[in-house]
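A.B. asks: What follows is target32.cif; its format and atoms are mmCIF, C-alpha atoms.
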```cif
data_query
loop_
_atom_site.label_atom_id
_atom_site.label_comp_id
_atom_site.auth_asym_id
_atom_site.auth_seq_id
_atom_site.Cartn_x
_atom_site.Cartn_y
_atom_site.Cartn_z
CA MET Q 1 -220.23 -18.46 97.26
CA ARG Q 2 -218.31 -21.65 96.44
CA THR Q 3 -214.97 -19.77 96.64
CA TYR Q 4 -216.02 -18.31 99.97
CA LYS Q 5 -216.74 -21.81 101.37
CA LYS Q 6 -213.37 -23.05 100.12
CA LEU Q 7 -211.59 -20.17 101.82
CA VAL Q 8 -213.37 -20.84 105.12
CA LEU Q 9 -212.53 -24.54 104.90
CA TRP Q 10 -208.84 -23.90 104.20
CA GLY Q 11 -208.76 -21.36 107.00
CA LEU Q 12 -210.21 -23.98 109.29
CA ILE Q 13 -207.60 -26.52 108.15
CA ILE Q 14 -204.75 -24.07 108.82
CA LEU Q 15 -206.15 -23.17 112.23
CA LEU Q 16 -206.64 -26.82 113.17
CA SER Q 17 -203.15 -27.80 112.05
CA TYR Q 18 -201.64 -24.91 114.01
CA LEU Q 19 -203.53 -25.89 117.16
CA PHE Q 20 -202.69 -29.54 116.68
CA TRP Q 21 -198.99 -29.04 116.14
CA SER Q 22 -198.65 -26.58 118.97
CA LYS Q 23 -200.41 -29.06 121.28
CA THR Q 24 -198.10 -31.88 120.25
CA GLY Q 25 -195.07 -29.69 120.79
CA VAL Q 26 -193.91 -29.45 117.21
CA LEU Q 27 -194.32 -25.69 116.98
CA THR Q 28 -193.89 -24.64 120.59
CA SER Q 29 -190.81 -26.56 121.55
CA ASP Q 30 -188.44 -23.86 120.32
CA VAL Q 31 -186.76 -26.48 118.18
CA THR Q 32 -184.77 -27.69 121.19
CA ILE Q 33 -186.56 -31.00 121.71
CA PHE Q 34 -185.76 -32.14 118.22
CA SER Q 35 -182.47 -30.49 117.67
CA SER Q 36 -180.88 -30.70 121.13
CA PHE Q 37 -179.28 -33.99 120.17
CA ASP Q 38 -177.65 -32.32 117.19
CA ILE Q 39 -176.94 -28.79 118.44
CA LEU Q 40 -174.22 -28.93 121.05
CA PRO Q 41 -174.21 -26.53 124.00
CA THR Q 42 -171.75 -23.65 123.93
CA LYS Q 43 -168.82 -23.55 126.31
CA GLU Q 44 -170.66 -21.19 128.68
CA GLU Q 45 -173.80 -23.35 128.65
CA LEU Q 46 -171.75 -26.48 129.28
CA ILE Q 47 -169.94 -24.89 132.24
CA GLN Q 48 -173.25 -23.75 133.71
CA GLN Q 49 -174.78 -27.20 133.31
CA THR Q 50 -171.71 -28.85 134.82
CA ARG Q 51 -171.92 -26.51 137.82
CA ASN Q 52 -175.61 -27.37 138.23
CA VAL Q 53 -174.84 -31.07 138.61
CA SER Q 54 -171.92 -30.56 141.00
CA THR Q 55 -173.72 -32.11 144.00
CA ALA Q 56 -174.51 -35.25 142.01
CA VAL Q 57 -170.85 -36.27 141.63
CA ALA Q 58 -170.05 -36.38 145.35
CA VAL Q 59 -168.86 -39.57 147.02
CA ASP Q 60 -170.17 -40.25 150.52
CA ALA Q 61 -168.35 -42.16 153.22
CA TYR Q 62 -170.02 -43.72 156.23
CA ASP Q 63 -167.61 -44.41 159.06
CA THR Q 64 -167.96 -45.99 162.48
CA PHE Q 65 -165.17 -46.39 164.99
CA ILE Q 66 -164.47 -46.69 168.70
CA PHE Q 67 -162.82 -43.65 170.22
CA ASP Q 68 -161.26 -43.08 173.61
CA THR Q 69 -162.10 -39.52 174.65
CA THR Q 70 -159.46 -39.54 177.43
CA LEU Q 71 -156.57 -40.72 175.30
CA ASN Q 72 -157.94 -38.87 172.26
CA LYS Q 73 -157.38 -41.78 169.94
CA ILE Q 74 -159.16 -44.55 168.12
CA ILE Q 75 -159.17 -47.93 169.78
CA VAL Q 76 -158.37 -50.57 167.22
CA GLN Q 77 -156.62 -53.10 169.37
CA THR Q 78 -157.55 -53.78 172.91
CA ASN Q 79 -157.29 -56.83 175.08
CA SER Q 80 -158.22 -55.00 178.21
CA GLN Q 81 -160.75 -56.57 180.51
CA LYS Q 82 -164.14 -55.02 180.37
CA ASP Q 83 -163.63 -52.61 183.17
CA ASN Q 84 -166.13 -49.84 183.76
CA SER Q 85 -163.46 -47.36 184.74
CA ILE Q 86 -161.55 -47.99 181.50
CA LEU Q 87 -164.55 -48.05 179.21
CA SER Q 88 -166.45 -45.12 180.66
CA ASN Q 89 -164.73 -42.75 178.25
CA VAL Q 90 -164.95 -44.98 175.23
CA VAL Q 91 -167.54 -43.98 172.64
CA LYS Q 92 -168.75 -45.33 169.33
CA ILE Q 93 -168.79 -42.66 166.66
CA HIS Q 94 -170.92 -42.66 163.51
CA ALA Q 95 -169.77 -40.15 160.93
CA LYS Q 96 -170.65 -39.18 157.39
CA THR Q 97 -168.22 -37.49 155.07
CA SER Q 98 -168.53 -36.29 151.47
CA ALA Q 99 -165.80 -35.64 148.96
CA ALA Q 100 -166.17 -34.40 145.40
CA VAL Q 101 -164.54 -32.68 142.49
CA PRO Q 102 -165.59 -29.03 143.06
CA LEU Q 103 -167.33 -28.48 139.72
CA LYS Q 104 -168.62 -25.07 140.82
CA GLN Q 105 -165.03 -23.86 140.48
CA LEU Q 106 -164.91 -24.84 136.82
CA ASN Q 107 -164.04 -21.86 134.65
CA ILE Q 108 -163.90 -21.03 130.96
CA PHE Q 109 -160.16 -21.80 130.71
CA GLN Q 110 -160.67 -25.39 131.87
CA VAL Q 111 -163.08 -26.37 129.10
CA THR Q 112 -162.19 -26.76 125.43
CA ILE Q 113 -164.81 -27.57 122.82
CA ASN Q 114 -163.72 -28.60 119.37
CA GLU Q 115 -166.58 -29.54 117.04
CA ASP Q 116 -168.06 -32.67 118.61
CA SER Q 117 -165.37 -33.25 121.22
CA VAL Q 118 -164.91 -31.70 124.63
CA ALA Q 119 -161.88 -31.64 126.94
CA VAL Q 120 -162.23 -30.69 130.59
CA LYS Q 121 -159.50 -30.07 133.11
CA LEU Q 122 -161.13 -31.10 136.34
CA PRO Q 123 -160.24 -29.34 139.60
CA GLU Q 124 -158.64 -31.42 142.35
CA PRO Q 125 -161.18 -33.29 144.54
CA GLN Q 126 -161.74 -32.05 148.05
CA ILE Q 127 -163.61 -33.01 151.20
CA ILE Q 128 -166.89 -31.10 151.29
CA THR Q 129 -168.42 -32.09 154.62
CA VAL Q 130 -167.40 -33.92 157.75
CA GLN Q 131 -170.35 -34.61 159.96
CA ILE Q 132 -170.51 -36.55 163.24
CA ASP Q 133 -173.95 -38.17 163.19
CA SER Q 134 -173.86 -39.74 166.63
CA ALA Q 135 -171.65 -40.60 169.59
CA PHE Q 136 -172.74 -43.28 172.05
CA SER Q 137 -171.08 -44.77 175.09
CA ILE Q 138 -170.23 -48.39 174.29
CA GLN Q 139 -171.18 -49.40 177.83
CA GLU Q 140 -174.83 -48.62 177.40
CA ASN Q 141 -177.39 -51.04 176.22
CA SER Q 142 -178.39 -50.32 172.63
CA LEU Q 143 -181.98 -49.64 173.68
CA LYS Q 144 -181.00 -47.11 176.34
CA ARG Q 145 -178.39 -45.32 174.25
CA LYS Q 146 -178.31 -41.56 174.37
CA HIS Q 147 -176.38 -39.30 172.07
CA LEU Q 148 -173.41 -37.84 173.92
CA GLN Q 149 -172.53 -34.18 173.69
CA LEU Q 150 -168.82 -34.02 173.04
CA SER Q 151 -166.65 -31.04 173.83
CA ASN Q 152 -165.44 -28.77 171.04
CA LYS Q 153 -161.90 -30.00 171.54
CA ILE Q 154 -162.93 -33.64 171.09
CA ASN Q 155 -165.08 -32.75 168.10
CA THR Q 156 -162.13 -31.02 166.45
CA THR Q 157 -159.90 -34.04 167.08
CA LEU Q 158 -162.59 -36.35 165.75
CA GLU Q 159 -162.97 -34.35 162.55
CA LEU Q 160 -159.24 -34.65 161.92
CA VAL Q 161 -159.37 -38.39 162.61
CA ILE Q 162 -162.34 -38.86 160.25
CA ARG Q 163 -160.61 -36.91 157.48
CA GLN Q 164 -157.48 -38.98 157.94
CA ARG Q 165 -159.44 -42.24 157.81
CA ILE Q 166 -161.23 -41.49 154.56
CA LEU Q 167 -158.05 -40.17 152.95
CA GLU Q 168 -156.42 -43.50 153.83
CA ARG Q 169 -159.19 -45.18 151.88
CA ASP Q 170 -158.29 -43.12 148.82
CA ILE Q 171 -161.54 -41.19 148.63
CA TYR Q 172 -160.05 -38.60 146.24
CA SER Q 173 -159.32 -41.21 143.63
CA ILE Q 174 -162.85 -42.64 143.99
CA ALA Q 175 -164.36 -39.13 143.72
CA ASN Q 176 -162.30 -38.41 140.61
CA ASN Q 177 -163.36 -41.64 138.89
CA GLN Q 178 -167.02 -41.12 139.78
CA CYS Q 179 -166.94 -37.57 138.43
CA LYS Q 180 -165.37 -38.72 135.15
CA ASN Q 181 -167.92 -41.52 134.74
CA ILE Q 182 -170.94 -39.30 135.39
CA LEU Q 183 -169.75 -36.27 133.42
CA GLY Q 184 -168.39 -38.38 130.56
CA ASN Q 185 -171.76 -40.04 130.06
CA TYR Q 186 -173.65 -36.79 130.61
CA TYR Q 187 -171.67 -34.96 127.94
CA LYS Q 188 -172.21 -37.85 125.52
CA LEU Q 189 -175.96 -37.67 126.13
CA LEU Q 190 -175.73 -33.96 125.29
CA GLY Q 191 -174.35 -34.97 121.91
CA PHE Q 192 -170.56 -34.87 122.28
CA LYS Q 193 -168.91 -37.80 120.54
CA LYS Q 194 -165.58 -37.62 122.37
CA VAL Q 195 -164.95 -36.53 125.96
CA TYR Q 196 -161.49 -36.05 127.43
CA PHE Q 197 -160.50 -35.32 131.02
CA ASN Q 198 -157.09 -33.95 131.86
CA MET W 1 -213.10 -31.01 99.23
CA LEU W 2 -214.46 -32.88 102.25
CA ARG W 3 -212.36 -35.90 101.29
CA CYS W 4 -209.33 -33.66 101.17
CA PHE W 5 -210.13 -32.38 104.66
CA ILE W 6 -210.44 -35.92 106.07
CA TRP W 7 -207.11 -36.93 104.52
CA PHE W 8 -205.53 -33.86 106.04
CA LEU W 9 -206.84 -34.70 109.51
CA ALA W 10 -205.52 -38.25 109.15
CA PHE W 11 -202.12 -36.82 108.20
CA LEU W 12 -202.11 -34.60 111.28
CA LEU W 13 -202.95 -37.52 113.53
CA LEU W 14 -200.22 -39.66 112.01
CA ASN W 15 -197.74 -36.83 112.26
CA SER W 16 -198.42 -36.21 115.94
CA CYS W 17 -197.93 -39.90 116.76
CA THR W 18 -194.65 -39.99 114.88
CA SER W 19 -193.25 -36.92 116.67
CA SER W 20 -194.17 -38.28 120.10
CA GLU W 21 -192.68 -41.65 119.28
CA GLN W 22 -189.60 -39.93 117.93
CA LYS W 23 -189.09 -38.06 121.21
CA VAL W 24 -189.45 -41.24 123.21
CA LYS W 25 -187.07 -43.02 120.85
CA GLN W 26 -184.51 -40.27 121.34
CA LEU W 27 -184.93 -40.41 125.12
CA MET W 28 -184.54 -44.16 125.05
CA GLN W 29 -180.88 -43.62 124.24
CA LEU W 30 -180.54 -43.09 127.99
CA THR W 31 -180.86 -46.85 128.31
CA SER W 32 -177.59 -47.33 126.48
CA LYS W 33 -175.85 -45.69 129.46
CA SER W 34 -177.17 -48.18 131.98
CA ASP W 35 -174.50 -47.54 134.63
CA TRP W 36 -174.52 -43.79 134.23
CA LEU W 37 -176.40 -43.07 137.46
CA ASN W 38 -174.23 -45.25 139.68
CA SER W 39 -172.89 -43.86 142.89
CA GLN W 40 -170.04 -45.09 145.07
CA THR W 41 -170.11 -45.01 148.87
CA LEU W 42 -167.21 -45.79 151.14
CA VAL W 43 -168.11 -47.77 154.22
CA ASN W 44 -166.07 -48.40 157.37
CA CYS W 45 -167.83 -50.68 159.84
CA THR W 46 -166.81 -51.35 163.41
CA VAL W 47 -168.23 -54.33 165.21
CA GLN W 48 -167.67 -54.66 168.92
CA SER W 49 -168.50 -57.58 171.14
CA ASN W 50 -167.34 -59.33 174.31
CA ASN W 51 -165.82 -62.75 174.04
CA THR W 52 -166.06 -65.55 176.58
CA ALA W 53 -163.13 -64.17 178.56
CA ASN W 54 -165.04 -60.89 178.87
CA ILE W 55 -162.55 -59.16 176.63
CA LEU W 56 -163.69 -56.32 174.44
CA VAL W 57 -163.29 -57.38 170.84
CA ILE W 58 -163.24 -54.69 168.16
CA LYS W 59 -163.24 -55.54 164.48
CA GLN W 60 -163.18 -53.18 161.55
CA TYR W 61 -164.30 -53.92 158.02
CA ALA W 62 -164.16 -51.64 155.02
CA GLY W 63 -165.56 -51.68 151.55
CA LEU W 64 -166.94 -49.76 148.64
CA VAL W 65 -170.67 -49.94 148.00
CA ASN W 66 -171.83 -49.44 144.43
CA ALA W 67 -175.48 -48.42 144.19
CA GLY W 68 -177.29 -47.24 141.12
CA ILE W 69 -180.31 -46.98 138.92
CA ASP W 70 -180.52 -49.48 136.12
CA LEU W 71 -181.59 -47.37 133.14
CA SER W 72 -181.70 -50.43 130.90
CA LEU W 73 -185.06 -51.15 132.55
CA LEU W 74 -186.57 -48.02 130.98
CA THR W 75 -189.27 -48.71 128.40
CA PRO W 76 -191.20 -46.36 126.09
CA SER W 77 -194.02 -46.45 128.67
CA SER W 78 -191.60 -44.90 131.21
CA PHE W 79 -192.04 -41.55 129.44
CA GLU W 80 -195.18 -39.47 129.23
CA ILE W 81 -194.64 -36.46 126.97
CA ASN W 82 -197.03 -33.64 126.38
CA GLY W 83 -195.40 -30.75 124.55
CA LYS W 84 -192.80 -29.32 126.91
CA LYS W 85 -194.03 -31.40 129.81
CA ILE W 86 -192.48 -34.74 130.62
CA LYS W 87 -193.22 -37.33 133.25
CA MET W 88 -190.64 -40.03 133.71
CA ILE W 89 -190.89 -43.20 135.75
CA VAL W 90 -187.45 -44.43 136.77
CA PRO W 91 -186.56 -47.76 138.43
CA THR W 92 -185.65 -47.42 142.11
CA ALA W 93 -182.02 -47.45 143.14
CA LYS W 94 -180.52 -50.69 144.31
CA ILE W 95 -177.21 -51.83 145.70
CA ASN W 96 -175.33 -53.50 142.87
CA THR W 97 -172.05 -54.61 144.37
CA ILE W 98 -170.04 -54.41 147.56
CA TYR W 99 -166.31 -54.49 146.99
CA PRO W 100 -164.55 -55.64 150.17
CA ASP W 101 -161.34 -53.83 150.97
CA VAL W 102 -159.01 -56.77 151.26
CA ILE W 103 -155.84 -54.79 150.68
CA GLN W 104 -156.17 -52.81 153.89
CA PRO W 105 -155.44 -54.98 156.92
CA ILE W 106 -158.48 -55.91 158.90
CA ARG W 107 -157.96 -54.36 162.27
CA ASP W 108 -159.03 -56.99 164.67
CA SER W 109 -158.32 -56.88 168.38
CA THR W 110 -158.49 -60.66 168.61
CA THR W 111 -155.19 -60.87 166.74
CA GLU W 112 -153.51 -59.25 169.74
CA VAL W 113 -155.16 -61.60 172.18
CA LYS W 114 -154.19 -64.65 170.22
CA ASN W 115 -150.46 -63.88 170.41
CA GLN W 116 -150.34 -62.11 167.07
CA LYS W 117 -151.75 -65.17 165.37
CA GLU W 118 -152.84 -63.99 162.00
CA ARG W 119 -156.49 -64.41 161.26
CA ARG W 120 -157.47 -64.36 157.63
CA ILE W 121 -160.87 -62.98 156.87
CA GLN W 122 -162.56 -64.08 153.69
CA PRO W 123 -163.85 -61.33 151.35
CA GLU W 124 -167.33 -62.91 151.52
CA GLU W 125 -167.30 -62.44 155.28
CA ILE W 126 -166.46 -58.75 154.90
CA VAL W 127 -169.27 -58.31 152.34
CA ASN W 128 -171.79 -59.98 154.65
CA ILE W 129 -170.81 -57.87 157.64
CA ILE W 130 -170.97 -54.67 155.57
CA LYS W 131 -174.42 -55.71 154.26
CA ILE W 132 -175.70 -56.07 157.82
CA ASN W 133 -174.16 -52.87 159.13
CA ILE W 134 -174.69 -50.33 156.37
CA ASP W 135 -177.48 -47.83 156.32
CA SER W 136 -178.78 -48.98 152.94
CA ILE W 137 -181.82 -46.69 153.07
CA SER W 138 -179.60 -43.58 153.26
CA ILE W 139 -177.31 -44.85 150.51
CA LEU W 140 -180.22 -45.60 148.16
CA HIS W 141 -181.92 -42.30 148.97
CA GLN W 142 -178.72 -40.37 148.19
CA THR W 143 -178.31 -42.27 144.93
CA GLU W 144 -181.86 -41.41 143.87
CA GLN W 145 -181.42 -37.74 144.79
CA LYS W 146 -178.28 -37.52 142.68
CA ALA W 147 -180.07 -39.24 139.78
CA VAL W 148 -182.90 -36.72 139.94
CA ILE W 149 -180.45 -33.79 139.71
CA LEU W 150 -178.73 -35.29 136.65
CA LEU W 151 -181.92 -36.33 134.85
CA GLN W 152 -183.61 -32.99 135.46
CA GLN W 153 -180.63 -31.10 134.10
CA LEU W 154 -180.47 -33.35 131.05
CA LEU W 155 -184.19 -33.12 130.30
CA LYS W 156 -184.08 -29.35 130.76
CA ASN W 157 -181.35 -29.29 128.15
CA TYR W 158 -183.57 -31.31 125.84
CA GLY W 159 -186.10 -28.48 126.02
CA TYR W 160 -188.57 -29.66 128.64
CA THR W 161 -189.74 -27.03 131.10
CA SER W 162 -192.00 -29.13 133.30
CA ILE W 163 -190.24 -32.26 134.49
CA SER W 164 -191.64 -34.82 136.89
CA ILE W 165 -189.50 -37.77 137.89
CA ARG W 166 -191.11 -40.61 139.77
CA PHE W 167 -189.53 -43.79 141.01
CA THR W 168 -191.26 -47.12 140.61
CA ASN W 169 -192.12 -47.12 144.31
CA ASN W 170 -194.74 -44.46 143.38
CA LYS W 171 -192.98 -41.63 145.20
CA THR W 172 -192.74 -38.42 143.16
CA GLN W 173 -189.17 -37.29 143.66
CA ASN W 174 -189.17 -33.87 142.18
CA LYS W 175 -191.14 -31.57 140.04
CA LEU W 176 -189.98 -28.48 138.19
#
```
Kindly transcribe the structure held in the file into structure tokens.
C.D. replies:
Amino acid sequence: MRTYKKLVLWGLIILLSYLFWSKTGVLTSDVTIFSSFDILPTKEELIQQTRNVSTAVAVDAYDTFIFDTTLNKIIVQTNSQKDNSILSNVVKIHAKTSAAVPLKQLNIFQVTINEDSVAVKLPEPQIITVQIDSAFSIQENSLKRKHLQLSNKINTTLELVIRQRILERDIYSIANNQCKNILGNYYKLLGFKKVYFN
Amino acid sequence: MLRCFIWFLAFLLLNSCTSSEQKVKQLMQLTSKSDWLNSQTLVNCTVQSNNTANILVIKQYAGLVNAGIDLSLLTPSSFEINGKKIKMIVPTAKINTIYPDVIQPIRDSTTEVKNQKERRIQPEEIVNIIKINIDSISILHQTEQKAVILLQQLLKNYGYTSISIRFTNNKTQNKL
């Protein structure tokens, strides 16, 4: 009878400890929570993870400028009198552009893992989106402003102008640096000691 | 035997506390990368006005806005871990610095009017004008969205399957 009680008690202890440890995540965490800092991801896993964070490395650019829709050019210097006939075709454009290193294009040949170090050959940055948020006539009072519908031809010209303007501001270099900063730190948090970008 | 059982329960309790603390301690290494979730935004502002001579004056200012989430503000209470579930409270994004673009010439129509007289604009003036004209809400929102993507991916890699990231303004950003 005494042995039987002991057996029941030990059974209870084992059951309780199992339930307790599984609840606290010790048994059910598939070892990853504790070992993920020590076990480094494989090359395939790293590429997949890098692709998943591709949208997070983008650099945005907010641009506003005054554009003459008749002359098809930006007005940067004008000393003309405020004449309704001259200014009727002048609009203020608000645009948003994004540029990023296209991490989704990353392939197995661009990543080298050697023990605790990783080297990545990043693709060249590119402009992802060019978006004209609004176009207003500069003559109108700010409270009465209405978004103008621009013709396809003007929109095309504007897109080229916007691209040119952000390229002048060296957006590719900024996108490259941002990508290296984010990925470099991300890889180190995954457990890599050394990170190199080519 | 009963004494043995009580000691065993105490051991279990101690062990569970240690493992939870250990996880938080490991996650706290995020704080060492305080500028990790910074995001750069290029800004080109155009300010138009009419001067006393009723001449249209157009001025352009450019700069680089650095916004980010300061992970050094994370504390052990920022994490709530329950097995594979994690809830994380992250500080809201804020604009850290505005770098005025002083290398690029400031395109200012008044220079033409004033017989090409060069007008020097102080970097502080550019920063102030950018501060007034930027859409800071959009910039901060974008920064937070990017941070959520990166943190979720990282926490997933650490083995968590249910991830909830909340910013200190009490808005739940995303849940897996």
A.B. asks: Please report as an mmCIF file with C-alpha atoms, in the frame of the given file which residues of chain W come no farther than 6 Å from chain Q, using only C-alpha atoms.
C.D. replies:
```
data_model
loop_
_atom_site.group_PDB
_atom_site.id
_atom_site.type_symbol
_atom_site.label_atom_id
_atom_site.label_comp_id
_atom_site.auth_asym_id
_atom_site.auth_seq_id
_atom_site.Cartn_x
_atom_site.Cartn_y
_atom_site.Cartn_z
ATOM 1 C CA TRP W 36 -174.520 -43.790 134.230
ATOM 2 C CA GLN W 40 -170.040 -45.090 145.070
ATOM 3 C CA THR W 41 -170.110 -45.010 148.870
ATOM 4 C CA LEU W 42 -167.210 -45.790 151.140
ATOM 5 C CA VAL W 43 -168.110 -47.770 154.220
ATOM 6 C CA ASN W 44 -166.070 -48.400 157.370
ATOM 7 C CA CYS W 45 -167.830 -50.680 159.840
ATOM 8 C CA THR W 46 -166.810 -51.350 163.410
ATOM 9 C CA ILE W 55 -162.550 -59.160 176.630
ATOM 10 C CA GLY W 83 -195.400 -30.750 124.550
ATOM 11 C CA SER W 109 -158.320 -56.880 168.380
ATOM 12 C CA VAL W 113 -155.160 -61.600 172.180
ATOM 13 C CA LYS W 146 -178.280 -37.520 142.680
ATOM 14 C CA TYR W 158 -183.570 -31.310 125.840
ATOM 15 C CA GLY W 159 -186.100 -28.480 126.020
#
```
A.B. asks: Return the single residue from Q:Leu71, Q:Ile39, Q:Val195, Q:Leu15 that is closest to Asn157 in chain W, with distances computed using only C-alpha atoms.
C.D. replies: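 Among the listed residues, the smallest separation from Asn157 in chain W belongs to Q:Ile39.
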A.B. asks: State, in Å with one decimal place, the distance from CA of Leu30 in chain W to CA of Ser72 in chain W.
C.D. replies: 8.0 Å
A.B. asks: Quick check on the file I pasted: which residues fall under the PyMOL selection byres ((chain W and resi 95) around 8)? Write them as number ranges by chain.
C.D. replies: W: 65-68, 93-94, 96-98, 136, 140
A.B. asks: Between CA of Ala62 in chain W and CA of Ile130 in chain W, what distance in Å does the model show, to one decimal?
C.D. replies: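 Interatomic distance here is 7.5 Å.
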A.B. asks: Have a look at W:Ser77, W:Gln122, W:Thr92, W:Gln26 and name the one nearest to Val148 in chain W; count only C-alpha atoms.
C.D. replies: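 Closest residue, counting only C-alpha atoms: W:Thr92.
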A.B. asks: What separation in Å, quoted to one decimal, exists between CA of Val130 in chain Q and CA of Ile162 in chain Q?
C.D. replies: 7.5 Å
A.B. asks: Between W:Ile149, W:Val47, W:Leu56, W:Leu27, which has the minimum distance to Leu74 in chain W (counting only C-alpha atoms)?
C.D. replies: W:Leu27
A.B. asks: Applying the PyMOL selection byres ((chain W and resi 144) around 12) to the file I just gave you, which residues come out? Please list them as a ChimeraX atom specification.
C.D. replies: /Q:56 /W:37-39,67-70,90-95,137-143,145-151,165-169,171-174
A.B. asks: Based on the selection just made, write C-alpha atoms of those residues as an mmCIF file, keeping the file's coordinate frame.
C.D. replies:
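Now in again11.cif:
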```cif
data_model
loop_
_atom_site.group_PDB
_atom_site.id
_atom_site.type_symbol
_atom_site.label_atom_id
_atom_site.label_comp_id
_atom_site.auth_asym_id
_atom_site.auth_seq_id
_atom_site.Cartn_x
_atom_site.Cartn_y
_atom_site.Cartn_z
ATOM 1 C CA ALA Q 56 -174.510 -35.250 142.010
ATOM 2 C CA LEU W 37 -176.400 -43.070 137.460
ATOM 3 C CA ASN W 38 -174.230 -45.250 139.680
ATOM 4 C CA SER W 39 -172.890 -43.860 142.890
ATOM 5 C CA ALA W 67 -175.480 -48.420 144.190
ATOM 6 C CA GLY W 68 -177.290 -47.240 141.120
ATOM 7 C CA ILE W 69 -180.310 -46.980 138.920
ATOM 8 C CA ASP W 70 -180.520 -49.480 136.120
ATOM 9 C CA VAL W 90 -187.450 -44.430 136.770
ATOM 10 C CA PRO W 91 -186.560 -47.760 138.430
ATOM 11 C CA THR W 92 -185.650 -47.420 142.110
ATOM 12 C CA ALA W 93 -182.020 -47.450 143.140
ATOM 13 C CA LYS W 94 -180.520 -50.690 144.310
ATOM 14 C CA ILE W 95 -177.210 -51.830 145.700
ATOM 15 C CA ILE W 137 -181.820 -46.690 153.070
ATOM 16 C CA SER W 138 -179.600 -43.580 153.260
ATOM 17 C CA ILE W 139 -177.310 -44.850 150.510
ATOM 18 C CA LEU W 140 -180.220 -45.600 148.160
ATOM 19 C CA HIS W 141 -181.920 -42.300 148.970
ATOM 20 C CA GLN W 142 -178.720 -40.370 148.190
ATOM 21 C CA THR W 143 -178.310 -42.270 144.930
ATOM 22 C CA GLN W 145 -181.420 -37.740 144.790
ATOM 23 C CA LYS W 146 -178.280 -37.520 142.680
ATOM 24 C CA ALA W 147 -180.070 -39.240 139.780
ATOM 25 C CA VAL W 148 -182.900 -36.720 139.940
ATOM 26 C CA ILE W 149 -180.450 -33.790 139.710
ATOM 27 C CA LEU W 150 -178.730 -35.290 136.650
ATOM 28 C CA LEU W 151 -181.920 -36.330 134.850
ATOM 29 C CA ILE W 165 -189.500 -37.770 137.890
ATOM 30 C CA ARG W 166 -191.110 -40.610 139.770
ATOM 31 C CA PHE W 167 -189.530 -43.790 141.010
ATOM 32 C CA THR W 168 -191.260 -47.120 140.610
ATOM 33 C CA ASN W 169 -192.120 -47.120 144.310
ATOM 34 C CA LYS W 171 -192.980 -41.630 145.200
ATOM 35 C CA THR W 172 -192.740 -38.420 143.160
ATOM 36 C CA GLN W 173 -189.170 -37.290 143.660
ATOM 37 C CA ASN W 174 -189.170 -33.870 142.180
#
```
A.B. asks: Please identify all polymer residues within 7 Å of Val101 in chain Q, counting all atoms listed in the file, omitting same-chain residues fewer than 4 positions from it, and present them as a VMD selection string.
C.D. replies: chain Q and resid 123 to 126 175 to 176 179
A.B. asks: Generate a file of the selected residues that holds C-alpha atoms, formatted as a tab-separated table (two decimals), in the coordinates of the input.
C.D. replies:
```tsv
chain	number	residue	atom	x	y	z
Q	123	PRO	CA	-160.24	-29.34	139.60
Q	124	GLU	CA	-158.64	-31.42	142.35
Q	125	PRO	CA	-161.18	-33.29	144.54
Q	126	GLN	CA	-161.74	-32.05	148.05
Q	175	ALA	CA	-164.36	-39.13	143.72
Q	176	ASN	CA	-162.30	-38.41	140.61
Q	179	CYS	CA	-166.94	-37.57	138.43
```
A.B. asks: Could you state which residues are captured by the PyMOL selection byres ((chain Q and resi 91) around 12) in this file, as a PyMOL selection string?
C.D. replies: (chain Q and resi 64-75+86-90+92-94+134-140+145-150+154+158) or (chain W and resi 46+48)
A.B. asks: Keeping C-alpha atoms, export the residues of the selection given above as a compact mmCIF listing (two decimals), in the coordinates of the input.
C.D. replies:
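What follows is the written file result12.txt:
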```txt
# COMPACT_ATOMS: atom_id res chain seq x y z
CA THR Q 64 -167.96 -45.99 162.48
CA PHE Q 65 -165.17 -46.39 164.99
CA ILE Q 66 -164.47 -46.69 168.70
CA PHE Q 67 -162.82 -43.65 170.22
CA ASP Q 68 -161.26 -43.08 173.61
CA THR Q 69 -162.10 -39.52 174.65
CA THR Q 70 -159.46 -39.54 177.43
CA LEU Q 71 -156.57 -40.72 175.30
CA ASN Q 72 -157.94 -38.87 172.26
CA LYS Q 73 -157.38 -41.78 169.94
CA ILE Q 74 -159.16 -44.55 168.12
CA ILE Q 75 -159.17 -47.93 169.78
CA ILE Q 86 -161.55 -47.99 181.50
CA LEU Q 87 -164.55 -48.05 179.21
CA SER Q 88 -166.45 -45.12 180.66
CA ASN Q 89 -164.73 -42.75 178.25
CA VAL Q 90 -164.95 -44.98 175.23
CA LYS Q 92 -168.75 -45.33 169.33
CA ILE Q 93 -168.79 -42.66 166.66
CA HIS Q 94 -170.92 -42.66 163.51
CA SER Q 134 -173.86 -39.74 166.63
CA ALA Q 135 -171.65 -40.60 169.59
CA PHE Q 136 -172.74 -43.28 172.05
CA SER Q 137 -171.08 -44.77 175.09
CA ILE Q 138 -170.23 -48.39 174.29
CA GLN Q 139 -171.18 -49.40 177.83
CA GLU Q 140 -174.83 -48.62 177.40
CA ARG Q 145 -178.39 -45.32 174.25
CA LYS Q 146 -178.31 -41.56 174.37
CA HIS Q 147 -176.38 -39.30 172.07
CA LEU Q 148 -173.41 -37.84 173.92
CA GLN Q 149 -172.53 -34.18 173.69
CA LEU Q 150 -168.82 -34.02 173.04
CA ILE Q 154 -162.93 -33.64 171.09
CA LEU Q 158 -162.59 -36.35 165.75
CA THR W 46 -166.81 -51.35 163.41
CA GLN W 48 -167.67 -54.66 168.92
```
